[in-house]
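Below is one structure, written out as structure tokens; the observations come after it.
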Amino acid sequence: VINALGHSRILAIIGLLELAIHLIASYLCLHWFGLIGLAYATIFAYSFEKLAGLIYLWWKKGIIITQLIPFNWWLFYSILLIVSYFING
């Protein structure tokens with residue numbers, strides 16, 4: 001959505017921040033948690049990117065997440081995914 005609105009510069013900035021966060025978090029989590037720490041760092045960096053994009057859309061354009069996706073279904077499937085992770089875990 002951000003790219004479609006012509007705000008590609010902010011996408012580059014968010015992407016560079018995500019890369020920096022991913023590198024730092026990967027380094028730290030690898031030492032603290034081992035190989036699974038890399039997965040946690042990736043989830044953290046990816047979540048940061050998505051959250052930063054959503055905050056930018058809300059701040060600059062007044063677009064909230066419920067205008068982009070059916071939030072109730074997203075929440076349901078996200079919780080289902082997390083529960084299945086811990087059940088199989």
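Quick note on naming: the chains in the structure tokens go A, B, ... in the order shown, residues restart at 1 in each chain, and ligands are numbered from 1 in order of appearance.
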
**Study point:** Contact residues around Tyr27 in chain A with only C-alpha atoms at 12 Å, ignoring same-chain residues under 2 positions, as a list in words
**Key:**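 Returned residues: Ala20, Ile21, His22, Leu23, Ile24, Ala25, Cys29, Leu30, His31, Trp32, Phe33, Gly34, Leu35, Ile36, Gly37, Leu38, Ala39, Tyr40, Ala41 and Thr42 of chain A.
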
Check your understanding: Residues at most 12 Å from Leu5 in chain A, counting only C-alpha atoms, excluding those fewer than 6 positions away in the same chain, as a list in words?
Key ->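 Close residues of Leu5 in chain A: Leu11, Tyr56, Leu57, Lys60, Lys61 and Ile63 of chain A.
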
For the residues selected in the previous step, produce a file with all heavy atoms as a compact mmCIF listing (two decimals), in the first residue's frame.
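Output below, filename again.txt:
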```txt
# COMPACT_ATOMS: atom_id res chain seq x y z
N LEU A 11 9.76 3.19 2.36
CA LEU A 11 9.95 1.74 2.31
C LEU A 11 11.43 1.39 2.38
O LEU A 11 11.82 0.42 3.05
CB LEU A 11 9.34 1.15 1.05
CG LEU A 11 7.83 1.00 1.03
CD1 LEU A 11 7.37 0.47 -0.32
CD2 LEU A 11 7.36 0.11 2.15
N TYR A 56 3.27 4.04 9.96
CA TYR A 56 3.44 5.11 8.96
C TYR A 56 2.13 5.39 8.24
O TYR A 56 1.75 6.55 8.06
CB TYR A 56 4.53 4.72 7.96
CG TYR A 56 4.71 5.76 6.89
CD1 TYR A 56 5.45 6.91 7.14
CD2 TYR A 56 4.13 5.60 5.64
CE1 TYR A 56 5.61 7.88 6.17
CE2 TYR A 56 4.28 6.57 4.66
CZ TYR A 56 5.01 7.71 4.92
OH TYR A 56 5.15 8.67 3.96
N LEU A 57 1.43 4.33 7.82
CA LEU A 57 0.15 4.52 7.13
C LEU A 57 -0.86 5.23 8.02
O LEU A 57 -1.61 6.09 7.56
CB LEU A 57 -0.41 3.18 6.66
CG LEU A 57 0.23 2.58 5.43
CD1 LEU A 57 -0.33 1.19 5.17
CD2 LEU A 57 0.00 3.47 4.22
N LYS A 60 0.57 9.07 8.62
CA LYS A 60 0.58 9.98 7.46
C LYS A 60 -0.73 10.01 6.68
O LYS A 60 -1.10 11.03 6.12
CB LYS A 60 1.71 9.60 6.50
CG LYS A 60 3.08 9.97 7.00
CD LYS A 60 3.24 11.47 6.99
CE LYS A 60 4.67 11.86 7.30
NZ LYS A 60 4.89 13.28 7.29
N LYS A 61 -1.41 8.88 6.59
CA LYS A 61 -2.59 8.79 5.73
C LYS A 61 -3.89 8.51 6.47
O LYS A 61 -4.95 8.50 5.88
CB LYS A 61 -2.38 7.69 4.67
CG LYS A 61 -1.24 7.97 3.73
CD LYS A 61 -1.54 9.18 2.88
CE LYS A 61 -0.41 9.47 1.93
NZ LYS A 61 -0.65 10.69 1.16
N ILE A 63 -4.82 5.66 7.61
CA ILE A 63 -5.29 4.32 7.26
C ILE A 63 -4.99 3.40 8.42
O ILE A 63 -3.85 3.30 8.86
CB ILE A 63 -4.61 3.81 5.97
CG1 ILE A 63 -4.92 4.74 4.80
CG2 ILE A 63 -5.03 2.39 5.67
CD1 ILE A 63 -4.13 4.43 3.55
```

Check your understanding: So, counting only C-alpha atoms, which residue among A:Ile64, A:Leu80, A:Val1, A:Ile14 is closest to Phe48 in chain A?
Key ->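 Once distances to Phe48 in chain A are computed over only C-alpha atoms, the minimum belongs to A:Ile14.
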
Exercise for review: Could you check which of A:Ile79, A:Ile87, A:Leu68, A:Leu19 is closest to Phe44 in chain A, using only C-alpha atoms?
Suggested key: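 When distances to Phe44 in chain A are compared using only C-alpha atoms, the smallest one comes from A:Leu19.
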
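CA of Leu16 in chain A is positioned 9.6 Å from CA of Glu49 in chain A.
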
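Nearest residue to Ile2 in chain A among A:Ile55, A:Asn72, A:Leu28, A:Leu17 is A:Ile55, counting only C-alpha atoms.
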
Exercise for review: Rank A:Asn88, A:Gln67, A:Ser26, A:Ser8 by their smallest atom-to-atom distance to Ile43 in chain A, using only C-alpha atoms, and report the top residue only.
Suggested key: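 The answer is A:Ser26, which sits nearest to Ile43 in chain A.
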
Point to revise | Among the residues A:Ile82, A:Ile65, A:Ala45, A:Leu54, the one that comes closest to Glu18 in chain A [using only C-alpha atoms] | key: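 Residue with the minimum atom-to-atom distance to Glu18 in chain A: A:Ala45.
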
Practice item. Among the residues of range 5-82 of chain A, find those DSSP assigns to alpha helix (DSSP H) from the backbone and print them as a ChimeraX atom specification. Key: /A:8-33,35-56,71-82

Review point. Separation of CA of Ala4 in chain A and CA of Leu75 in chain A, in Å?
Key: 25.1 Å
